[in-house]
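Visitor: After the structure tokens below, expect a handful of questions from me.
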Amino acid sequence: MAAHRPAPRTGQAHDTRLRLVVAPRLVPEAGYRATLRPVLTGPTITPRHMSAPKILVFDSGVGGLTVFREIARARPDARFVYAADDALFPYGKIPEALLVERVGGLMADLIAAHRPDLVVIACNTASTLVLPALRARFALPFVGTVPAIKPACAISHTKRVAVLGTEATVSREYTRALIRDFANGSDVVLVGSARLARFAEDELNGTPVADELIARELAPCFVDADGRRTDTVVLACTHYPLLLDRLERLAPWPVTYVDPAPAIARRVVGLIGPAASAKLPAPAHIVFTSGRPSSATLAAALTRFGIAG
């Protein structure tokens with residue numbers, strides 16, 4: 001992906017945008033926590049210090065690579081399997097009952113085949129719908145994904161925040177509950193995109209879409225009213241950081257983008273401990289449920305993430 005920076009606009013002394021902000025804590029502590037916290041963090045698990053653990057990272061497509069990247073940085077000694085359910089991508093419009101059944105069956109096969117010590121569900125939709133059933137069925141820790149609304153509202157200076165996610169994510173009650181509990185006085189706009197995740201997949205496959213198509217999906221995030229502009233955008237889909245360079249370049253003005261991936265990596269380390277060895281394992285292995293072979297472009301992209309394509 002091209003890493004272009006826009007030239008400073010007239011009257012703009014300095015471009016102070018941040019590429020990404022580490023989300024300090026994503027799990028609610030009040031209000032909706034009675035139902036949301038168990039879904040996302042699961043039952044209380046005694047942390048274990050694992051040497052060279054095997055970690056399974058699961059998503060509907062390649063968006064979870066942004067989460068895998070952060071976990072691999074935190075635990076470079078781990079053995080990784082990345083599973084992409086590209087045969088059913090995207091998950092946003094799949095009926096809930098079908099998705100629960102689908103992911104449960106896939107997870108049973110993946111756990112039997114790879115014997116992971118921990119599973120990361122690197123997908124907002126799957127995390128909120130499927131995690132309770134997975135935790136009830138399988139006796140190993142699962143780590144989920146949630147929009148980083150709390151930290152975004154905490155760092156916003158203008159108190160105008162946008163949550164950019166899939167249509168399914170922004171329509172869920174758990175997203176609205178996070179806003180009610182943690183808006184911290186911020187005005188929060190929910191922006192549901194039906195196309196941005198697909199654009200990210202295309203980008204990684206070497207067929208980027210036109211700027212104007214991405215700009216159209218991004219535009220509703222930017223509100224300028226009552227003397228206050230949006231200054232913080234939550235990337236509430238793990239696919240979206242794959243487009244970060246283009247999101248920055250196409251933004252009407254500089255904003256801070258908040259990604260949950262670093263916080264997910266810290267949650268993983270909290271459960272299995274820090275790296276116990278400097279020895280690096282073999283490159284991560286990837287599984288596509290469609291059975292498709294990787295194109296040369298995708299294989300090169302996977303290699304840059306540290307995955308054998």
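Ligands are numbered from 1 in the order shown, residues from 1 within each chain, and chains are lettered A, B, ... in the order they appear in the structure tokens.
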With only C-alpha atoms as the counted atoms, please give the residues lying no more than 7 Å from Val161 (chain A), apart from itself and same-chain residues fewer than 2 positions off, as a PyMOL selection string.

Guide: chain A and resi 153+159+163+186-189+230-233

Visitor: Hey, what's within 12 Å of Ala299 (chain A) if we count only C-alpha atoms and toss same-chain stuff fewer than 3 positions away? As a PyMOL selection string, please?

Guide: chain A and resi 62+204-206+285-286+292-296+302-309

Visitor: Would you list the contacts of Ala197 (chain A) as a list in words, taking every protein, DNA or RNA residue within 7 Å and counting only C-alpha atoms, but skipping same-chain residues closer than 4 positions in sequence?

Guide: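 In the requested form, the answer reads Glu201, His239 and Tyr240 of chain A.
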
Visitor: Let's have the selection written as a compact mmCIF listing (two decimals), in the first residue's frame, with C-alpha atoms.

Guide:
```
# COMPACT_ATOMS: atom_id res chain seq x y z
CA GLU A 201 -9.29 -7.53 0.85
CA HIS A 239 -9.79 -5.11 8.03
CA TYR A 240 -9.64 -1.33 8.15
```

Visitor: Quick one: residues within 9 Å of Arg115 (chain A), only C-alpha atoms, excluding same-chain residues fewer than 3 positions away - as a list in words?

Guide: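 In the requested format, the answer is Lys54, Ile55, Leu56, Leu110, Ile111, Ala112 and Leu118 of chain A.
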
Visitor: Where in region 97-233 of chain A does DSSP assign strand (DSSP E or B), given as a ChimeraX atom specification?

Guide: /A:118-121,142-143,160-166,187-193,224-225,228-229,232-233

Visitor: Quick one: write out the picked residues with C-alpha atoms as a tab-separated table (two decimals), in the first residue's frame?

Guide:
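And here is the file that came out, part.tsv:
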```
chain	number	residue	atom	x	y	z
A	118	LEU	CA	-5.32	-20.20	22.74
A	119	VAL	CA	-7.71	-18.87	20.07
A	120	VAL	CA	-8.14	-15.24	19.04
A	121	ILE	CA	-11.37	-14.32	17.26
A	142	PHE	CA	-10.67	-17.48	23.61
A	143	VAL	CA	-9.86	-13.79	23.17
A	160	ARG	CA	-16.31	14.41	18.37
A	161	VAL	CA	-15.65	10.72	17.70
A	162	ALA	CA	-16.61	8.47	14.80
A	163	VAL	CA	-16.94	4.68	14.95
A	164	LEU	CA	-16.22	3.25	11.50
A	165	GLY	CA	-17.30	-0.38	11.24
A	166	THR	CA	-19.32	-2.82	9.21
A	187	ASP	CA	-20.64	13.17	20.48
A	188	VAL	CA	-20.24	9.80	18.74
A	189	VAL	CA	-21.37	9.08	15.20
A	190	LEU	CA	-21.76	5.48	14.01
A	191	VAL	CA	-20.72	4.92	10.41
A	192	GLY	CA	-21.56	1.56	8.85
A	193	SER	CA	-19.73	0.62	5.67
A	224	ASP	CA	-17.63	19.83	11.49
A	225	ALA	CA	-20.36	21.55	13.50
A	228	ARG	CA	-15.89	21.28	16.71
A	229	ARG	CA	-14.45	18.79	14.25
A	232	THR	CA	-10.78	10.58	16.53
A	233	VAL	CA	-11.96	7.65	14.42
```

Visitor: Suppose you want the space between CA of Asp85 (chain A) and CA of Val287 (chain A); what is it in Å?

Guide: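 Result for CA of Asp85 (chain A) versus CA of Val287 (chain A): 8.4 Å, one decimal.
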
Visitor: Check the smallest atom-to-atom distance from each of A:Ala148, A:Met50, A:Leu218, A:Leu98 to Leu243 (chain A) using only C-alpha atoms, then report the winner.

Guide: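 The shortest atom-to-atom distance to Leu243 (chain A) comes from A:Leu218.
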
Visitor: Do you know which residues are at most 9 Å from Ala154 (chain A) counting only C-alpha atoms, after dropping those on the same chain fewer than 4 positions away, and could you put them as a VMD selection string?

Guide: chain A and resid 149 to 150 159 182 to 184 186
